[in-house]
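Take a look at the structure below.
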There are 2 protein chains.
Amino acid sequence: MNLANQSAESVLLSHGVKPTPQRMVIAEYLLNTLDHPSAEEVLTAVTGKLPVALSRATVYNTLNSLKDAGVIREVLTEPGKVRYDANLCHHHHFVDVKSGQIIDVPVEKVEEIGKLLDKKFKVHGVQVTFFGDLQQDESEQAK
Amino acid sequence: MNLANQSAESVLLSHGVKPTPQRMVIAEYLLNTLDHPSAEEVLTAVTGKLPVALSRATVYNTLNSLKDAGVIREVLTEPGKVRYDANLCHHHHFVDVKSGQIIDVPVEKVEEIGKLLDKKFKVHGVQVTFFGDLQQDESEQAK
DNA sequence: TCGCCCGATTAGATCTAGTCTAAAGATATT
DNA sequence: AATATCTTTAGACTAGATCTAATCGGGCGA
């Protein structure tokens with residue numbers, strides 16, 4: 001599920017988001033970067049790409065709309081800042097603790113994580129978070 | 001590695017953190033909860049447990065000290081807020097998207113995640129984040 | 001015991017990410 | 001054209017977290 005090759009407009013349309021000029025430049029930027037930009041970085045990147053000003057509020061509104069529509073997802077890797085990822089292929093992330101750089105890790109690579117340890121990555125910690133609904137069956141406590 | 005049964009004082013000492021009264025009440029609270037409290041919740045919980053006032057700055061200072069010392073770890077599950085976890089057993093987290101409740105998931109349970117799907121948890125998404133050093137071998141791009 | 005040092009704590013100012021508000025602008029419908 | 005609805009805007013506001021400068025307090029040498 002790589003949306004990068006489709007036009008931003010068709011991606012917005014197919015996800016039920018009305019393609020305004022502001023949303024188009026934001027979506028286009030997100031779909032064509034391998035980065036994991038924050039809202040502020042999105043604002044910087046798209047500023048000047050429209051004949052009109054583009055406000056901070058619109059960036060936040062658009063990011064939330066795109067998230068709700070399933071075009072992008074939130075990535076929580078550092079405190080106090082949300083990053084966004086338009087790569088919807090099932091994947092994980094590697095954060096270089098020195099530079100803060102975030103690198104996508106394809107899911108099949110995770111299975112051979114043992115080999116990766118001594119090569120590209122030196123893993124200090126892993127954080128796995130599941131999101132979903134808790135079924136209200138209290139018979140067994142997970143902890 | 002469950003530190004809950006040791007006294008807060010011995011935990012602090014063994015991790016090289018000077019056991020002041022303020023740090024003791026904070027550590028004691030964290031070591032004895034199954035919750036994943038935010039800084040604000042820590043402040044609320046420990047307020048009144050000392051004869052003197054306990055300032056917000058001290059809570060933040062102490063949480064960062066305990067994190068740096070390896071007594072607790074940060075949990076990033078929701079935007080704009082850091083939660084803390086004194087359970088150092090290798091485990092993951094399940095976030096109930098409706099209530100925000102965070103539940104520890106022991107690592108061995110993750111292997112039988114297929115069974116869990118139709119029982120206690122209904123998983124919508126998983127976020128896995130590795131933290132570590134990126135070895136500067138540019139021969140292969142992970143993405 | 002006194003005085004000094006230095007780390008810990010404090011209240012409150014400040015910073016920053018993100019949200020809210022109210023007005024103005026755009027778009028579609030009749 | 002009038003109306004309704006949704007989007008965008010600038011700037012006010014909020015919340016989480018950090019910073020600052022003053023004060024506190026325990027240890028230690030004289």
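Just so we're on the same page: first chain in the structure tokens is A, next is B, and so on; residues restart at 1 for each chain, and ligands are numbered from 1 in the order they show up.
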Using only C-alpha atoms, what does the table of chain B residues within 9 Å of chain A look like, with each row giving the shortest atom pair and its distance in Å to one decimal, sorted by chain and ascending number, as JSON lines?
{"residue": "B:Leu34", "atom": "CA", "partner": "A:Lys143", "partner_atom": "CA", "distance": 8.5}
{"residue": "B:Glu74", "atom": "CA", "partner": "A:Pro79", "partner_atom": "CA", "distance": 8.7}
{"residue": "B:Val75", "atom": "CA", "partner": "A:Gln127", "partner_atom": "CA", "distance": 8.0}
{"residue": "B:Leu76", "atom": "CA", "partner": "A:Leu76", "partner_atom": "CA", "distance": 6.2}
{"residue": "B:Thr77", "atom": "CA", "partner": "A:Leu76", "partner_atom": "CA", "distance": 7.0}
{"residue": "B:Glu78", "atom": "CA", "partner": "A:Leu76", "partner_atom": "CA", "distance": 7.6}
{"residue": "B:Pro79", "atom": "CA", "partner": "A:Val82", "partner_atom": "CA", "distance": 6.2}
{"residue": "B:Gly80", "atom": "CA", "partner": "A:Gly80", "partner_atom": "CA", "distance": 4.6}
{"residue": "B:Lys81", "atom": "CA", "partner": "A:Gly80", "partner_atom": "CA", "distance": 6.3}
{"residue": "B:Val82", "atom": "CA", "partner": "A:Pro79", "partner_atom": "CA", "distance": 6.2}
{"residue": "B:His91", "atom": "CA", "partner": "A:Val128", "partner_atom": "CA", "distance": 8.2}
{"residue": "B:His92", "atom": "CA", "partner": "A:Val128", "partner_atom": "CA", "distance": 5.2}
{"residue": "B:His93", "atom": "CA", "partner": "A:Thr129", "partner_atom": "CA", "distance": 4.9}
{"residue": "B:Phe94", "atom": "CA", "partner": "A:Phe130", "partner_atom": "CA", "distance": 4.6}
{"residue": "B:Val95", "atom": "CA", "partner": "A:Phe131", "partner_atom": "CA", "distance": 4.9}
{"residue": "B:Asp96", "atom": "CA", "partner": "A:Asp133", "partner_atom": "CA", "distance": 5.0}
{"residue": "B:Val97", "atom": "CA", "partner": "A:Gly132", "partner_atom": "CA", "distance": 5.4}
{"residue": "B:Lys98", "atom": "CA", "partner": "A:Asp133", "partner_atom": "CA", "distance": 6.9}
{"residue": "B:Ser99", "atom": "CA", "partner": "A:Asp133", "partner_atom": "CA", "distance": 8.9}
{"residue": "B:Gln101", "atom": "CA", "partner": "A:Leu134", "partner_atom": "CA", "distance": 8.8}
{"residue": "B:Ile103", "atom": "CA", "partner": "A:Ala142", "partner_atom": "CA", "distance": 7.2}
{"residue": "B:Asp104", "atom": "CA", "partner": "A:Lys143", "partner_atom": "CA", "distance": 5.7}
{"residue": "B:Val105", "atom": "CA", "partner": "A:Ala142", "partner_atom": "CA", "distance": 6.0}
{"residue": "B:Pro106", "atom": "CA", "partner": "A:Lys143", "partner_atom": "CA", "distance": 6.7}
{"residue": "B:Lys109", "atom": "CA", "partner": "A:Ala142", "partner_atom": "CA", "distance": 8.5}
{"residue": "B:Asp118", "atom": "CA", "partner": "A:Gln135", "partner_atom": "CA", "distance": 8.8}
{"residue": "B:Lys119", "atom": "CA", "partner": "A:Gln135", "partner_atom": "CA", "distance": 6.9}
{"residue": "B:Lys120", "atom": "CA", "partner": "A:Gln135", "partner_atom": "CA", "distance": 5.0}
{"residue": "B:Phe121", "atom": "CA", "partner": "A:Leu134", "partner_atom": "CA", "distance": 4.9}
{"residue": "B:Lys122", "atom": "CA", "partner": "A:Asp133", "partner_atom": "CA", "distance": 5.1}
{"residue": "B:Val123", "atom": "CA", "partner": "A:Gly132", "partner_atom": "CA", "distance": 4.4}
{"residue": "B:His124", "atom": "CA", "partner": "A:Gly132", "partner_atom": "CA", "distance": 4.7}
{"residue": "B:Gly125", "atom": "CA", "partner": "A:Phe131", "partner_atom": "CA", "distance": 5.1}
{"residue": "B:Val126", "atom": "CA", "partner": "A:Phe130", "partner_atom": "CA", "distance": 4.3}
{"residue": "B:Gln127", "atom": "CA", "partner": "A:Thr129", "partner_atom": "CA", "distance": 5.1}
{"residue": "B:Val128", "atom": "CA", "partner": "A:Val128", "partner_atom": "CA", "distance": 4.3}
{"residue": "B:Thr129", "atom": "CA", "partner": "A:His93", "partner_atom": "CA", "distance": 4.9}
{"residue": "B:Phe130", "atom": "CA", "partner": "A:Val126", "partner_atom": "CA", "distance": 4.3}
{"residue": "B:Phe131", "atom": "CA", "partner": "A:Val95", "partner_atom": "CA", "distance": 4.8}
{"residue": "B:Gly132", "atom": "CA", "partner": "A:Val123", "partner_atom": "CA", "distance": 4.4}
{"residue": "B:Asp133", "atom": "CA", "partner": "A:Asp96", "partner_atom": "CA", "distance": 5.0}
{"residue": "B:Leu134", "atom": "CA", "partner": "A:Phe121", "partner_atom": "CA", "distance": 4.9}
{"residue": "B:Gln135", "atom": "CA", "partner": "A:Lys120", "partner_atom": "CA", "distance": 5.0}
{"residue": "B:Gln136", "atom": "CA", "partner": "A:Lys120", "partner_atom": "CA", "distance": 7.2}
{"residue": "B:Asp137", "atom": "CA", "partner": "A:Lys120", "partner_atom": "CA", "distance": 6.2}
{"residue": "B:Glu138", "atom": "CA", "partner": "A:Lys120", "partner_atom": "CA", "distance": 8.3}
{"residue": "B:Glu140", "atom": "CA", "partner": "A:Lys120", "partner_atom": "CA", "distance": 8.4}
{"residue": "B:Ala142", "atom": "CA", "partner": "A:Val105", "partner_atom": "CA", "distance": 6.0}
{"residue": "B:Lys143", "atom": "CA", "partner": "A:Asp104", "partner_atom": "CA", "distance": 5.7}
Write down, as an NGL selection string, each residue of chain B that has any atom within 9 Å of an atom of chain C, counting only C-alpha atoms (C1' of nucleotides).
:B and (20 or 22 or 53-58 or 80)
Could you take the residues named above and write them with N, CA and C atoms, as a short mmCIF file (atom, residue, chain, number, x, y, z; two decimals), in the first residue's frame?
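Output below, filename result_3.cif:
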data_model
loop_
_atom_site.label_atom_id
_atom_site.label_comp_id
_atom_site.auth_asym_id
_atom_site.auth_seq_id
_atom_site.Cartn_x
_atom_site.Cartn_y
_atom_site.Cartn_z
N THR B 20 16.75 11.45 48.56
CA THR B 20 16.14 12.54 49.31
C THR B 20 14.68 12.18 49.61
N GLN B 22 11.95 13.75 48.89
CA GLN B 22 11.12 13.96 47.70
C GLN B 22 11.25 12.79 46.73
N ALA B 53 5.99 21.26 51.03
CA ALA B 53 5.43 21.27 49.68
C ALA B 53 6.39 20.58 48.72
N LEU B 54 5.82 20.03 47.67
CA LEU B 54 6.66 19.36 46.67
C LEU B 54 6.33 20.00 45.33
N SER B 55 7.33 20.61 44.74
CA SER B 55 7.06 21.44 43.56
C SER B 55 7.04 20.61 42.28
N ARG B 56 6.36 21.18 41.32
CA ARG B 56 6.29 20.59 39.99
C ARG B 56 7.69 20.33 39.43
N ALA B 57 8.57 21.31 39.59
CA ALA B 57 9.92 21.17 39.04
C ALA B 57 10.62 19.95 39.62
N THR B 58 10.42 19.71 40.91
CA THR B 58 11.07 18.55 41.53
C THR B 58 10.53 17.25 40.97
N GLY B 80 1.70 14.37 23.18
CA GLY B 80 1.80 15.49 24.09
C GLY B 80 1.92 15.16 25.56
#
Taking only C-alpha atoms (C1' of nucleotides) into account, name the residue in D:DA17, D:DC24, D:DT5, D:DA30 that is nearest to chain B.
D:DA17
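All residues of protein, DNA or RNA that reach within 9 Å of Val17 of chain B, judged by only C-alpha atoms (C1' of nucleotides) and not counting those fewer than 5 positions away in the chain, are Val11, Leu12, Arg23, Ser65, Leu66 and Ala69 of chain B.
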Any chance you could lay chain B over chain A, fitting all C-alpha atoms in order by least squares, and write the moved chain as an mmCIF file with C-alpha atoms, in the first residue's frame?
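What ended up in selection_37.cif:
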data_model
loop_
_atom_site.group_PDB
_atom_site.id
_atom_site.type_symbol
_atom_site.label_atom_id
_atom_site.label_comp_id
_atom_site.auth_asym_id
_atom_site.auth_seq_id
_atom_site.Cartn_x
_atom_site.Cartn_y
_atom_site.Cartn_z
ATOM 1 C CA MET B 1 -0.020 -0.035 0.009
ATOM 2 C CA ASN B 2 2.231 2.713 -1.217
ATOM 3 C CA LEU B 3 0.298 5.830 -2.063
ATOM 4 C CA ALA B 4 3.272 7.896 -3.160
ATOM 5 C CA ASN B 5 2.809 7.277 -6.861
ATOM 6 C CA GLN B 6 -0.795 8.374 -6.932
ATOM 7 C CA SER B 7 -1.515 12.052 -7.202
ATOM 8 C CA ALA B 8 -2.225 13.742 -3.912
ATOM 9 C CA GLU B 9 -5.610 14.691 -5.280
ATOM 10 C CA SER B 10 -6.693 11.131 -6.011
ATOM 11 C CA VAL B 11 -5.473 9.979 -2.619
ATOM 12 C CA LEU B 12 -7.528 12.643 -0.892
ATOM 13 C CA LEU B 13 -10.580 11.877 -2.993
ATOM 14 C CA SER B 14 -10.358 8.143 -2.442
ATOM 15 C CA HIS B 15 -10.185 8.701 1.299
ATOM 16 C CA GLY B 16 -13.111 11.081 1.413
ATOM 17 C CA VAL B 17 -11.136 14.252 2.042
ATOM 18 C CA LYS B 18 -12.069 17.258 -0.045
ATOM 19 C CA PRO B 19 -8.951 18.217 -2.024
ATOM 20 C CA THR B 20 -8.377 21.875 -1.288
ATOM 21 C CA PRO B 21 -5.120 23.505 -2.457
ATOM 22 C CA GLN B 22 -3.787 23.605 1.106
ATOM 23 C CA ARG B 23 -4.507 19.928 1.686
ATOM 24 C CA MET B 24 -3.010 18.990 -1.659
ATOM 25 C CA VAL B 25 0.390 20.551 -1.014
ATOM 26 C CA ILE B 26 0.530 19.046 2.465
ATOM 27 C CA ALA B 27 -0.469 15.589 1.259
ATOM 28 C CA GLU B 28 1.913 15.800 -1.669
ATOM 29 C CA TYR B 29 4.792 16.640 0.627
ATOM 30 C CA LEU B 30 3.981 13.812 3.033
ATOM 31 C CA LEU B 31 3.504 11.247 0.281
ATOM 32 C CA ASN B 32 6.849 12.034 -1.277
ATOM 33 C CA THR B 33 9.167 12.084 1.698
ATOM 34 C CA LEU B 34 10.876 9.204 3.448
ATOM 35 C CA ASP B 35 11.173 11.472 6.440
ATOM 36 C CA HIS B 36 8.886 11.530 9.437
ATOM 37 C CA PRO B 37 8.150 15.221 9.701
ATOM 38 C CA SER B 38 6.551 17.024 12.632
ATOM 39 C CA ALA B 39 3.777 19.556 12.131
ATOM 40 C CA GLU B 40 6.304 22.359 12.307
ATOM 41 C CA GLU B 41 8.447 20.706 9.640
ATOM 42 C CA VAL B 42 5.418 20.266 7.423
ATOM 43 C CA LEU B 43 4.643 23.942 7.810
ATOM 44 C CA THR B 44 8.182 24.922 6.880
ATOM 45 C CA ALA B 45 8.235 22.569 3.919
ATOM 46 C CA VAL B 46 4.999 23.738 2.338
ATOM 47 C CA THR B 47 5.359 27.434 3.072
ATOM 48 C CA GLY B 48 5.660 29.311 -0.184
ATOM 49 C CA LYS B 49 4.213 26.538 -2.325
ATOM 50 C CA LEU B 50 0.888 28.320 -2.540
ATOM 51 C CA PRO B 51 0.206 31.860 -3.747
ATOM 52 C CA VAL B 52 -1.560 32.492 -0.434
ATOM 53 C CA ALA B 53 -0.272 32.173 3.114
ATOM 54 C CA LEU B 54 -0.786 28.841 4.809
ATOM 55 C CA SER B 55 -1.496 29.060 8.499
ATOM 56 C CA ARG B 56 -0.316 26.875 11.303
ATOM 57 C CA ALA B 57 -3.907 26.011 12.180
ATOM 58 C CA THR B 58 -4.507 24.654 8.693
ATOM 59 C CA VAL B 59 -1.456 22.419 8.943
ATOM 60 C CA TYR B 60 -2.708 20.967 12.211
ATOM 61 C CA ASN B 61 -6.261 20.659 10.895
ATOM 62 C CA THR B 62 -5.061 18.919 7.769
ATOM 63 C CA LEU B 63 -2.742 16.540 9.586
ATOM 64 C CA ASN B 64 -5.591 15.498 11.850
ATOM 65 C CA SER B 65 -7.950 15.092 8.906
ATOM 66 C CA LEU B 66 -5.442 12.956 7.031
ATOM 67 C CA LYS B 67 -4.818 10.876 10.118
ATOM 68 C CA ASP B 68 -8.539 10.338 10.705
ATOM 69 C CA ALA B 69 -8.988 9.440 7.044
ATOM 70 C CA GLY B 70 -6.196 6.865 7.222
ATOM 71 C CA VAL B 71 -3.872 8.593 4.770
ATOM 72 C CA ILE B 72 -1.113 9.055 7.338
ATOM 73 C CA ARG B 73 -0.369 7.759 10.811
ATOM 74 C CA GLU B 74 1.099 9.297 13.920
ATOM 75 C CA VAL B 75 4.530 8.229 15.071
ATOM 76 C CA LEU B 76 5.374 8.791 18.730
ATOM 77 C CA THR B 77 9.097 8.427 19.161
ATOM 78 C CA GLU B 78 10.131 11.453 21.160
ATOM 79 C CA PRO B 79 8.411 13.263 24.006
ATOM 80 C CA GLY B 80 6.323 16.311 23.269
ATOM 81 C CA LYS B 81 6.176 16.034 19.525
ATOM 82 C CA VAL B 82 4.093 14.084 17.050
ATOM 83 C CA ARG B 83 5.598 12.964 13.768
ATOM 84 C CA TYR B 84 3.711 11.757 10.736
ATOM 85 C CA ASP B 85 4.244 8.877 8.351
ATOM 86 C CA ALA B 86 2.528 8.406 5.002
ATOM 87 C CA ASN B 87 4.070 4.987 4.469
ATOM 88 C CA LEU B 88 1.173 2.647 5.150
ATOM 89 C CA CYS B 89 3.097 -0.527 4.409
ATOM 90 C CA HIS B 90 3.289 -2.527 7.600
ATOM 91 C CA HIS B 91 6.559 -1.467 9.142
ATOM 92 C CA HIS B 92 8.301 -0.462 12.312
ATOM 93 C CA HIS B 93 10.768 2.270 13.180
ATOM 94 C CA PHE B 94 14.328 2.566 14.256
ATOM 95 C CA VAL B 95 15.317 5.737 16.087
ATOM 96 C CA ASP B 96 18.958 6.696 16.185
ATOM 97 C CA VAL B 97 19.224 8.026 19.721
ATOM 98 C CA LYS B 98 22.096 10.337 18.840
ATOM 99 C CA SER B 99 20.660 12.113 15.818
ATOM 100 C CA GLY B 100 16.978 11.446 16.335
ATOM 101 C CA GLN B 101 16.812 10.123 12.785
ATOM 102 C CA ILE B 102 13.907 7.751 12.229
ATOM 103 C CA ILE B 103 14.288 4.921 9.755
ATOM 104 C CA ASP B 104 11.565 2.629 8.511
ATOM 105 C CA VAL B 105 12.101 -1.041 9.227
ATOM 106 C CA PRO B 106 10.060 -3.349 6.977
ATOM 107 C CA VAL B 107 8.169 -5.947 8.938
ATOM 108 C CA GLU B 108 10.022 -8.852 7.362
ATOM 109 C CA LYS B 109 13.301 -7.377 8.559
ATOM 110 C CA VAL B 110 12.072 -7.525 12.109
ATOM 111 C CA GLU B 111 12.004 -11.301 11.939
ATOM 112 C CA GLU B 112 15.685 -11.368 11.213
ATOM 113 C CA ILE B 113 16.371 -8.779 13.873
ATOM 114 C CA GLY B 114 19.102 -10.937 15.347
ATOM 115 C CA LYS B 115 21.196 -10.454 12.238
ATOM 116 C CA LEU B 116 20.535 -6.747 12.172
ATOM 117 C CA LEU B 117 21.909 -6.332 15.664
ATOM 118 C CA ASP B 118 25.526 -6.421 14.580
ATOM 119 C CA LYS B 119 25.040 -4.641 11.286
ATOM 120 C CA LYS B 120 23.123 -1.524 10.595
ATOM 121 C CA PHE B 121 21.463 -1.144 13.977
ATOM 122 C CA LYS B 122 22.607 -1.445 17.532
ATOM 123 C CA VAL B 123 19.403 -1.737 19.481
ATOM 124 C CA HIS B 124 19.262 -0.457 23.059
ATOM 125 C CA GLY B 125 15.560 -0.814 23.548
ATOM 126 C CA VAL B 126 12.315 -1.663 21.861
ATOM 127 C CA GLN B 127 8.955 -0.162 22.583
ATOM 128 C CA VAL B 128 5.941 -2.050 21.339
ATOM 129 C CA THR B 129 2.521 -0.552 21.758
ATOM 130 C CA PHE B 130 -0.729 -2.150 20.712
ATOM 131 C CA PHE B 131 -3.764 0.044 20.181
ATOM 132 C CA GLY B 132 -7.278 -1.269 20.192
ATOM 133 C CA ASP B 133 -10.364 -2.121 22.183
ATOM 134 C CA LEU B 134 -10.179 -3.891 25.481
ATOM 135 C CA GLN B 135 -12.845 -6.585 25.588
ATOM 136 C CA GLN B 136 -14.599 -6.373 28.930
ATOM 137 C CA ASP B 137 -13.684 -9.858 30.082
ATOM 138 C CA GLU B 138 -12.175 -9.441 33.522
ATOM 139 C CA SER B 139 -11.466 -13.130 34.160
ATOM 140 C CA GLU B 140 -7.756 -12.783 33.595
ATOM 141 C CA GLN B 141 -5.408 -9.911 34.282
ATOM 142 C CA ALA B 142 -2.677 -9.527 31.710
ATOM 143 C CA LYS B 143 -0.064 -8.402 34.199
#
DSSP on the backbone, strand (DSSP E) only: what residues of chain B does that give? Format it as number ranges by chain.
B: 73-78, 81-85, 91-96, 102-106, 121-134
